[in-house]
$ cat final-v8.csv   # CSV, C-alpha atoms
chain,number,residue,atom,x,y,z
A,53,PHE,CA,-97.0,-117.7,-13.9
A,54,ASN,CA,-97.9,-120.8,-15.8
A,55,SER,CA,-94.9,-121.0,-18.1
A,56,GLY,CA,-96.7,-122.8,-20.9
A,57,ARG,CA,-93.3,-124.0,-22.2
A,58,ALA,CA,-93.7,-126.8,-24.6
A,59,GLY,CA,-90.1,-127.7,-25.4
A,60,SER,CA,-89.6,-127.7,-29.1
A,61,ALA,CA,-93.3,-127.4,-29.7
A,62,ALA,CA,-93.2,-130.3,-32.0
A,63,GLY,CA,-95.7,-130.3,-34.8
A,64,ILE,CA,-96.3,-126.5,-35.0
A,65,MET,CA,-93.2,-125.7,-37.1
A,66,THR,CA,-92.8,-126.4,-40.8
A,67,ARG,CA,-89.9,-126.0,-43.1
A,68,ALA,CA,-91.7,-123.3,-45.1
A,69,ILE,CA,-93.4,-120.8,-42.8
A,70,LYS,CA,-95.3,-118.1,-44.7
A,71,THR,CA,-95.0,-114.4,-43.8
A,72,TYR,CA,-98.3,-112.6,-44.5
A,73,SER,CA,-98.5,-108.9,-45.4
A,74,MET,CA,-101.5,-106.7,-44.5
A,75,ALA,CA,-102.5,-106.7,-48.1
A,76,GLU,CA,-103.0,-110.4,-48.1
A,77,ARG,CA,-105.3,-110.5,-45.1
A,78,VAL,CA,-107.2,-107.2,-44.9
A,79,THR,CA,-108.7,-104.6,-47.3
A,80,ASP,CA,-107.0,-101.5,-45.9
A,81,PRO,CA,-103.2,-101.1,-45.5
A,82,ASP,CA,-103.2,-100.0,-41.9
A,83,PHE,CA,-106.0,-101.8,-39.9
A,84,GLY,CA,-108.4,-104.7,-40.2
A,85,ILE,CA,-110.8,-106.5,-37.9
A,86,HIS,CA,-113.0,-109.6,-38.5
A,87,ASP,CA,-114.9,-112.1,-36.4
A,88,GLU,CA,-115.2,-115.9,-36.9
A,89,GLN,CA,-117.3,-115.4,-40.0
A,90,GLY,CA,-114.7,-113.2,-41.7
A,91,THR,CA,-111.6,-114.1,-43.7
A,92,SER,CA,-110.4,-117.6,-44.0
A,93,ARG,CA,-108.5,-119.0,-40.9
A,94,ILE,CA,-104.8,-120.0,-41.0
A,95,GLU,CA,-104.4,-123.2,-39.2
A,96,ARG,CA,-100.7,-123.7,-39.9
A,97,ALA,CA,-97.8,-122.0,-38.1
A,98,HIS,CA,-97.1,-118.6,-39.8
A,99,ARG,CA,-95.9,-115.1,-39.2
A,100,HIS,CA,-96.9,-111.7,-40.4
A,101,GLU,CA,-95.5,-108.2,-40.9
A,102,TYR,CA,-98.0,-106.6,-38.6
A,103,PHE,CA,-99.3,-106.8,-35.1
A,104,GLN,CA,-102.2,-109.1,-34.3
A,105,LEU,CA,-104.6,-109.3,-31.3
A,106,GLN,CA,-107.3,-111.9,-30.8
A,107,LEU,CA,-110.2,-111.9,-28.3
A,108,ASN,CA,-111.7,-115.3,-27.8
A,109,LEU,CA,-115.4,-115.3,-26.7
A,110,ALA,CA,-116.4,-119.0,-27.1
A,111,GLY,CA,-114.5,-122.2,-27.8
A,112,HIS,CA,-111.4,-123.6,-26.1
A,113,ALA,CA,-108.3,-123.1,-28.2
A,114,GLN,CA,-104.5,-122.9,-27.7
A,115,HIS,CA,-102.1,-120.2,-28.7
A,116,HIS,CA,-98.8,-121.6,-30.0
A,117,ILE,CA,-96.3,-118.8,-30.0
A,118,GLY,CA,-92.6,-119.3,-30.4
A,119,ALA,CA,-91.7,-122.3,-28.2
A,120,THR,CA,-94.7,-121.7,-25.9
A,121,VAL,CA,-98.3,-122.9,-25.8
A,122,ARG,CA,-100.8,-120.8,-23.9
A,123,PRO,CA,-104.5,-121.4,-23.3
A,124,LEU,CA,-107.0,-119.3,-25.3
A,125,ASP,CA,-110.3,-120.0,-23.5
A,126,PRO,CA,-113.4,-117.8,-23.5
A,127,GLY,CA,-112.3,-114.3,-22.3
A,128,PHE,CA,-108.7,-114.9,-23.1
A,129,LEU,CA,-106.7,-112.6,-25.5
A,130,SER,CA,-103.6,-113.3,-27.5
A,131,PHE,CA,-101.0,-110.7,-28.6
A,132,VAL,CA,-98.5,-111.3,-31.4
A,133,LEU,CA,-95.6,-109.1,-32.4
A,134,PRO,CA,-94.6,-108.7,-36.1
A,135,TYR,CA,-92.6,-111.7,-37.4
A,136,ARG,CA,-93.3,-113.9,-34.4
A,137,VAL,CA,-94.1,-117.5,-35.5
A,138,HIS,CA,-97.4,-118.6,-34.1
A,139,ARG,CA,-100.7,-120.3,-34.7
A,140,VAL,CA,-104.2,-120.5,-33.1
A,141,PRO,CA,-106.3,-123.5,-34.3
A,142,HIS,CA,-109.9,-122.5,-33.4
A,143,PRO,CA,-112.3,-125.4,-33.0
A,144,PRO,CA,-115.7,-125.5,-34.7
A,145,GLY,CA,-118.2,-123.3,-32.9
A,146,SER,CA,-115.6,-120.7,-31.8
A,147,VAL,CA,-116.5,-117.1,-31.5
A,148,PHE,CA,-113.7,-114.5,-31.6
A,149,TYR,CA,-112.4,-111.3,-33.0
A,150,VAL,CA,-109.0,-111.0,-34.8
A,151,ILE,CA,-107.5,-107.5,-35.1
A,152,ASN,CA,-104.6,-106.7,-37.4
A,153,PHE,CA,-102.8,-103.4,-37.6
A,154,ASN,CA,-99.4,-102.1,-38.6
A,155,GLN,CA,-96.9,-100.3,-36.3
A,156,ARG,CA,-97.6,-96.9,-37.7
A,157,PHE,CA,-101.3,-97.2,-36.9
A,158,LEU,CA,-100.6,-98.2,-33.3
A,159,ARG,CA,-98.0,-95.5,-32.6
A,160,PRO,CA,-97.1,-93.2,-35.6
A,161,GLU,CA,-94.0,-91.7,-34.0
A,162,LEU,CA,-92.4,-95.1,-33.0
A,163,ASP,CA,-89.6,-95.2,-35.6
A,164,VAL,CA,-88.2,-98.6,-34.7
A,165,ASP,CA,-87.4,-101.7,-36.8
A,166,PRO,CA,-90.2,-104.2,-36.0
A,167,LEU,CA,-87.5,-106.7,-35.1
A,168,ASP,CA,-86.2,-104.4,-32.4
A,169,LEU,CA,-89.5,-103.8,-30.6
A,170,GLU,CA,-88.4,-106.0,-27.7
A,171,ASP,CA,-85.9,-103.3,-26.8
A,172,VAL,CA,-88.4,-100.4,-26.6
A,173,PRO,CA,-88.8,-99.3,-23.0
A,174,LEU,CA,-92.3,-99.6,-21.7
A,175,GLU,CA,-92.3,-95.9,-20.6
A,176,ARG,CA,-91.9,-95.0,-24.3
A,177,ALA,CA,-94.7,-97.3,-25.5
A,178,PRO,CA,-96.6,-99.0,-22.7
A,179,GLU,CA,-99.2,-100.5,-25.0
A,180,LEU,CA,-96.5,-102.9,-26.3
A,181,ALA,CA,-96.4,-104.7,-22.9
A,182,PRO,CA,-98.8,-107.5,-23.6
A,183,PHE,CA,-97.2,-108.1,-27.0
A,184,LEU,CA,-93.8,-108.3,-25.5
A,185,PHE,CA,-94.7,-110.7,-22.7
A,186,GLN,CA,-97.3,-113.0,-24.3
A,187,GLU,CA,-95.0,-115.9,-24.1
A,188,PHE,CA,-94.6,-115.5,-20.3
A,189,MET,CA,-98.2,-115.0,-19.1
A,190,ASP,CA,-101.9,-115.4,-19.9
A,191,PHE,CA,-104.3,-112.5,-20.4
A,192,ARG,CA,-108.0,-112.9,-19.5
A,193,LEU,CA,-110.8,-110.5,-19.0
A,194,ASP,CA,-114.2,-111.1,-17.4
A,195,GLY,CA,-117.2,-109.1,-16.1
A,196,ALA,CA,-117.2,-105.4,-17.0
A,197,ASP,CA,-113.7,-105.6,-18.6
A,198,LEU,CA,-114.8,-108.3,-21.0
A,199,GLU,CA,-117.9,-106.4,-22.0
A,200,LEU,CA,-115.8,-103.3,-22.6
A,201,ALA,CA,-113.4,-105.3,-24.8
A,202,ARG,CA,-116.3,-106.9,-26.7
A,203,ASP,CA,-117.9,-103.4,-27.2
A,204,ALA,CA,-114.6,-102.0,-28.4
A,205,CYS,CA,-114.4,-104.7,-31.0
A,206,ARG,CA,-118.0,-104.0,-32.2
A,207,LYS,CA,-117.2,-100.3,-32.5
A,208,MET,CA,-114.0,-101.0,-34.4
A,209,MET,CA,-115.8,-103.3,-36.8
A,210,ALA,CA,-118.6,-100.7,-37.4
A,211,GLU,CA,-116.2,-97.8,-38.0
A,212,ASN,CA,-113.9,-99.9,-40.2
A,213,SER,CA,-116.7,-101.2,-42.4
A,214,GLY,CA,-117.7,-97.7,-43.4
A,215,ARG,CA,-114.8,-95.4,-42.9
A,216,ARG,CA,-115.4,-91.7,-42.9
A,217,PHE,CA,-114.1,-88.5,-41.3
A,218,CYS,CA,-112.3,-89.4,-38.0
A,219,SER,CA,-113.1,-93.1,-38.3
A,220,LEU,CA,-109.4,-94.0,-37.9
A,221,GLU,CA,-109.2,-91.9,-34.8
A,222,ILE,CA,-112.2,-93.7,-33.3
A,223,ILE,CA,-110.8,-97.1,-34.2
A,224,ARG,CA,-107.4,-96.3,-32.7
A,225,ALA,CA,-109.1,-95.0,-29.5
A,226,ASN,CA,-111.0,-98.2,-29.1
A,227,LEU,CA,-107.9,-100.3,-29.9
A,228,LEU,CA,-105.9,-98.4,-27.2
A,229,LEU,CA,-108.8,-98.7,-24.8
A,230,LEU,CA,-108.8,-102.5,-25.2
A,231,ILE,CA,-105.1,-102.8,-24.9
A,232,GLY,CA,-104.9,-100.3,-22.0
A,233,THR,CA,-107.6,-102.3,-20.1
A,234,VAL,CA,-105.5,-105.4,-20.3
A,235,CYS,CA,-102.3,-103.5,-19.3
A,236,GLN,CA,-104.0,-102.0,-16.2
A,237,ARG,CA,-105.5,-105.4,-15.2
A,238,TYR,CA,-102.1,-107.0,-15.3
A,239,GLU,CA,-100.0,-104.0,-14.4
A,240,MET,CA,-97.9,-105.5,-11.6
A,241,ASP,CA,-97.2,-108.7,-13.6
A,242,LEU,CA,-96.1,-106.8,-16.7
A,243,LEU,CA,-93.9,-104.4,-14.8
A,244,ARG,CA,-92.3,-107.2,-12.9
A,245,LEU,CA,-91.5,-109.0,-16.1
A,246,ALA,CA,-90.1,-105.8,-17.6
A,247,ALA,CA,-87.9,-105.3,-14.5
A,248,GLY,CA,-86.7,-108.9,-14.6
A,249,GLN,CA,-85.6,-108.5,-18.2
A,250,ALA,CA,-87.7,-111.5,-19.3
A,251,GLN,CA,-87.2,-110.7,-22.9
A,252,ARG,CA,-83.4,-110.9,-22.6
A,253,ILE,CA,-83.7,-114.2,-20.9
A,254,SER,CA,-86.0,-115.4,-23.6
A,255,ARG,CA,-83.5,-114.4,-26.3
A,256,ARG,CA,-80.7,-116.2,-24.6
A,257,ASP,CA,-82.9,-119.4,-24.4
A,258,ALA,CA,-83.6,-119.1,-28.1
A,259,LEU,CA,-79.9,-118.8,-29.0
A,260,SER,CA,-79.2,-121.8,-26.8
A,261,ARG,CA,-81.7,-123.8,-28.8
A,262,VAL,CA,-80.0,-122.7,-32.0
A,263,VAL,CA,-76.6,-123.6,-30.8
A,264,ARG,CA,-77.8,-127.0,-29.7
A,265,TYR,CA,-79.3,-127.7,-33.1
A,266,VAL,CA,-76.1,-126.7,-34.8
A,267,ARG,CA,-74.0,-128.8,-32.5
A,268,GLU,CA,-76.2,-131.9,-33.1
A,269,ASN,CA,-76.1,-131.5,-36.9
A,270,LEU,CA,-72.5,-130.5,-37.7
A,271,THR,CA,-72.1,-133.4,-40.1
A,272,GLN,CA,-75.1,-132.3,-42.1
A,273,HIS,CA,-75.9,-129.3,-44.3
A,274,ILE,CA,-77.2,-126.7,-41.9
A,275,ALA,CA,-79.5,-124.0,-43.3
A,276,LEU,CA,-80.6,-120.9,-41.4
A,277,ALA,CA,-84.3,-121.8,-42.0
A,278,ASP,CA,-83.9,-125.2,-40.5
A,279,ALA,CA,-82.1,-123.9,-37.4
A,280,ALA,CA,-84.7,-121.2,-37.0
A,281,ALA,CA,-87.5,-123.8,-37.3
A,282,ALA,CA,-85.9,-126.0,-34.7
A,283,ALA,CA,-85.7,-123.1,-32.3
A,284,ASP,CA,-89.2,-121.9,-33.0
A,285,LEU,CA,-88.1,-118.7,-34.6
A,286,SER,CA,-88.4,-117.1,-38.0
A,287,PRO,CA,-85.2,-117.0,-40.1
A,288,ASN,CA,-85.1,-113.2,-40.4
A,289,TYR,CA,-85.6,-112.9,-36.6
A,290,LEU,CA,-82.8,-115.4,-35.9
A,291,ALA,CA,-80.4,-113.6,-38.2
A,292,HIS,CA,-81.2,-110.3,-36.6
A,293,LEU,CA,-81.0,-111.8,-33.1
A,294,LEU,CA,-77.6,-113.3,-33.7
A,295,LYS,CA,-76.2,-110.1,-35.1
A,296,LYS,CA,-77.6,-108.0,-32.2
A,297,GLU,CA,-76.6,-110.4,-29.4
A,298,THR,CA,-73.2,-111.7,-30.7
A,299,GLY,CA,-72.2,-109.5,-33.6
A,300,ARG,CA,-71.9,-112.7,-35.7
A,301,THR,CA,-73.8,-114.2,-38.6
A,302,PHE,CA,-75.4,-117.6,-38.7
A,303,THR,CA,-72.6,-118.7,-41.1
A,304,ASP,CA,-70.0,-117.6,-38.5
A,305,LEU,CA,-71.7,-119.6,-35.9
A,306,VAL,CA,-71.7,-122.8,-37.9
A,307,THR,CA,-68.1,-122.3,-39.0
A,308,ASP,CA,-67.0,-121.7,-35.4
A,309,ARG,CA,-68.7,-124.8,-34.1
A,310,ARG,CA,-67.3,-126.9,-36.9
A,311,MET,CA,-63.8,-125.6,-36.2
A,312,GLU,CA,-64.3,-126.5,-32.5
A,313,LYS,CA,-65.5,-130.0,-33.4
A,314,ALA,CA,-62.5,-130.6,-35.7
A,315,LYS,CA,-60.0,-129.5,-33.0
A,316,GLU,CA,-61.8,-131.8,-30.6
A,317,LEU,CA,-61.6,-134.8,-32.9
A,318,LEU,CA,-57.9,-134.1,-33.5
A,319,GLY,CA,-57.2,-134.1,-29.8
A,320,TRP,CA,-56.0,-130.4,-30.0
A,321,GLU,CA,-55.7,-128.6,-26.7
A,322,PRO,CA,-54.8,-125.0,-26.4
A,323,THR,CA,-51.5,-124.1,-24.9
A,324,VAL,CA,-51.8,-122.4,-21.5
A,325,MET,CA,-49.2,-119.7,-20.9
A,326,LEU,CA,-48.4,-119.2,-17.2
A,327,GLU,CA,-47.0,-116.0,-16.0
A,328,GLU,CA,-43.7,-116.2,-14.0
A,329,GLY,CA,-43.5,-115.0,-10.5

$ encode --input "final-v8.csv" --output "structure tokens"
Amino acid sequence: FNSGRAGSAAGIMTRAIKTYSMAERVTDPDFGIHDEQGTSRIERAHRHEYFQLQLNLAGHAQHHIGATVRPLDPGFLSFVLPYRVHRVPHPPGSVFYVINFNQRFLRPELDVDPLDLEDVPLERAPELAPFLFQEFMDFRLDGADLELARDACRKMMAENSGRRFCSLEIIRANLLLLIGTVCQRYEMDLLRLAAGQAQRISRRDALSRVVRYVRENLTQHIALADAAAAADLSPNYLAHLLKKETGRTFTDLVTDRRMEKAKELLGWEPTVMLEEG
């Protein structure tokens, strides 16, 4: 795959990254869809409490997500998990659809903290696959598949603009048809990434960026938000990730590194006890 890795992705992170709720971006609390003529665009890096899917039909853009930059050319789609820092600056003349929906709308029975979605097995919720692996690969449709995706977006917009009996079921059916089409087109790649535990490797890389930032700034005041921004993460995701992967808090991490640095400066070396015999 084209890794799309962009180092620290300089320039997309800010010290204050806004988290949007559904109420701030759409009329209804569960689902919303708009095209390029719809709601105002967000050009700065941000995150939101809900899932987001974009289908680009015209205009060459880039999708900045986490520490990765992926192309978003005509026919490409982008998938964003809740609380994932990202941005898509669409150039003038772009044509696209943006779909926002909450977790309950996608799969009502999936009772999982949004920050733990990366640990959900694909056999339990296969439609999560493109959201889980967006940082590792590109998704592009053409021909009949692209027309199917465009038609699904048209139907979702029509049903959502005048909701009535069974409108939500029709919207959900078309959303799953769109996501399922992508999943089947990239089935082998998605299953290979899942088998290779790409998400776990990504989490380790993220923690390594955090530790490096802490180590390089031990003489300064180190805030969770600053370390998260330096590692292309959101603060709540970083705090959750540290607790899940290490059982430690961010304050524990900083304290441990400062203690190690102090021992190093004092020339302290641990005593090695050798067993007899």

$ closest_atom_pairs --input "final-v8.csv" --of "range 213-291 of chain A" --to "range 177-187 of chain A" --cutoff "9 Å" --atoms "only C-alpha atoms" --output "CSV"
residue,atom,partner,partner_atom,distance
A:Leu228,CA,A:Glu179,CA,7.4
A:Ile231,CA,A:Glu179,CA,6.3
A:Gly232,CA,A:Glu179,CA,6.4
A:Val234,CA,A:Pro182,CA,7.8
A:Cys235,CA,A:Pro182,CA,6.8
A:Tyr238,CA,A:Pro182,CA,8.9
A:Leu242,CA,A:Ala181,CA,6.6
A:Leu243,CA,A:Ala181,CA,8.5
A:Leu245,CA,A:Phe185,CA,7.5
A:Ala246,CA,A:Ala181,CA,8.3
A:Ala250,CA,A:Phe185,CA,7.8
A:Gln251,CA,A:Leu184,CA,7.5

$ write_last_selection --input "final-v8.csv" --atoms "C-alpha atoms" --output "compact mmCIF listing (two decimals), in the frame of the given file"
# COMPACT_ATOMS: atom_id res chain seq x y z
CA LEU A 228 -105.90 -98.40 -27.20
CA ILE A 231 -105.10 -102.80 -24.90
CA GLY A 232 -104.90 -100.30 -22.00
CA VAL A 234 -105.50 -105.40 -20.30
CA CYS A 235 -102.30 -103.50 -19.30
CA TYR A 238 -102.10 -107.00 -15.30
CA LEU A 242 -96.10 -106.80 -16.70
CA LEU A 243 -93.90 -104.40 -14.80
CA LEU A 245 -91.50 -109.00 -16.10
CA ALA A 246 -90.10 -105.80 -17.60
CA ALA A 250 -87.70 -111.50 -19.30
CA GLN A 251 -87.20 -110.70 -22.90

$ closest_residue --input "final-v8.csv" --among "A:Lys313, A:Arg300, A:Arg202, A:Lys207" --to "Ala225 in chain A" --atoms "all atoms listed in the file"
A:Lys207

$ atom_distance --input "final-v8.csv" --atom1 "CA of Gln114 in chain A" --atom2 "CA of Val263 in chain A"
28.1 Å

$ atom_distance --input "final-v8.csv" --atom1 "CA of Ser213 in chain A" --atom2 "CA of Glu161 in chain A"
26.0 Å

$ atom_distance --input "final-v8.csv" --atom1 "CA of His100 in chain A" --atom2 "CA of Leu294 in chain A"
20.5 Å

$ residues_around --input "final-v8.csv" --residues "Ala291 in chain A" --least-positions-apart "3" --cutoff "8 Å" --atoms "all atoms listed in the file" --output "list of chain:residue names"
A:Leu276, A:Pro287, A:Asn288, A:Leu294, A:Lys295, A:Thr301, A:Phe302

$ residues_around --input "final-v8.csv" --residues "Gln106 in chain A" --least-positions-apart "6" --cutoff "9 Å" --atoms "all atoms listed in the file" --output "list in words"
Phe128, Leu129, Ser130, Phe131, Val132, Phe148, Tyr149, Val150, Ile151 and Asn152 of chain A

$ residues_around --input "final-v8.csv" --residues "Gly90 in chain A" --least-positions-apart "3" --cutoff "12 Å" --atoms "only C-alpha atoms" --output "PyMOL selection string"
chain A and resi 77-79+84-87+93+147-151+209

$ build_atoms --input "final-v8.csv" --residues "range 206-223 of chain A" --atoms "N, CA, C and O atoms" --output "compact mmCIF listing (two decimals), in the frame of the given file"
# COMPACT_ATOMS: atom_id res chain seq x y z
N ARG A 206 -116.76 -104.34 -31.37
CA ARG A 206 -118.00 -104.00 -32.20
C ARG A 206 -117.81 -102.63 -32.81
O ARG A 206 -118.11 -102.44 -33.99
N LYS A 207 -117.36 -101.66 -32.01
CA LYS A 207 -117.20 -100.30 -32.50
C LYS A 207 -116.14 -100.22 -33.60
O LYS A 207 -116.30 -99.51 -34.61
N MET A 208 -115.04 -100.95 -33.40
CA MET A 208 -114.00 -101.00 -34.40
C MET A 208 -114.48 -101.56 -35.72
O MET A 208 -114.18 -101.06 -36.81
N MET A 209 -115.26 -102.64 -35.63
CA MET A 209 -115.80 -103.30 -36.80
C MET A 209 -116.75 -102.32 -37.56
O MET A 209 -116.71 -102.19 -38.79
N ALA A 210 -117.59 -101.65 -36.79
CA ALA A 210 -118.60 -100.70 -37.40
C ALA A 210 -117.88 -99.58 -38.10
O ALA A 210 -118.22 -99.23 -39.23
N GLU A 211 -116.90 -98.98 -37.44
CA GLU A 211 -116.20 -97.80 -38.00
C GLU A 211 -115.37 -98.27 -39.24
O GLU A 211 -115.27 -97.55 -40.24
N ASN A 212 -114.77 -99.46 -39.15
CA ASN A 212 -113.90 -99.90 -40.20
C ASN A 212 -114.68 -100.32 -41.47
O ASN A 212 -114.17 -100.23 -42.60
N SER A 213 -115.91 -100.78 -41.27
CA SER A 213 -116.70 -101.20 -42.40
C SER A 213 -117.21 -100.06 -43.26
O SER A 213 -117.55 -100.23 -44.44
N GLY A 214 -117.29 -98.86 -42.67
CA GLY A 214 -117.70 -97.70 -43.40
C GLY A 214 -116.92 -96.48 -43.03
O GLY A 214 -117.41 -95.56 -42.37
N ARG A 215 -115.66 -96.49 -43.38
CA ARG A 215 -114.80 -95.40 -42.90
C ARG A 215 -115.19 -94.04 -43.46
O ARG A 215 -115.60 -93.91 -44.61
N ARG A 216 -115.11 -93.06 -42.56
CA ARG A 216 -115.40 -91.70 -42.90
C ARG A 216 -114.54 -90.76 -42.10
O ARG A 216 -113.57 -91.22 -41.48
N PHE A 217 -114.87 -89.51 -42.06
CA PHE A 217 -114.10 -88.50 -41.30
C PHE A 217 -113.91 -88.95 -39.86
O PHE A 217 -114.89 -89.21 -39.17
N CYS A 218 -112.66 -89.06 -39.40
CA CYS A 218 -112.30 -89.40 -38.00
C CYS A 218 -112.54 -90.88 -37.67
O CYS A 218 -112.42 -91.26 -36.49
N SER A 219 -112.87 -91.72 -38.64
CA SER A 219 -113.10 -93.10 -38.30
C SER A 219 -111.79 -93.77 -37.79
O SER A 219 -111.83 -94.56 -36.84
N LEU A 220 -110.65 -93.45 -38.39
CA LEU A 220 -109.40 -94.00 -37.90
C LEU A 220 -109.08 -93.62 -36.49
O LEU A 220 -108.55 -94.41 -35.70
N GLU A 221 -109.41 -92.38 -36.15
CA GLU A 221 -109.20 -91.90 -34.80
C GLU A 221 -110.06 -92.68 -33.79
O GLU A 221 -109.62 -93.05 -32.69
N ILE A 222 -111.31 -92.93 -34.17
CA ILE A 222 -112.20 -93.70 -33.30
C ILE A 222 -111.75 -95.13 -33.18
O ILE A 222 -111.77 -95.73 -32.09
N ILE A 223 -111.30 -95.72 -34.29
CA ILE A 223 -110.80 -97.10 -34.20
C ILE A 223 -109.57 -97.18 -33.34
O ILE A 223 -109.48 -98.06 -32.47
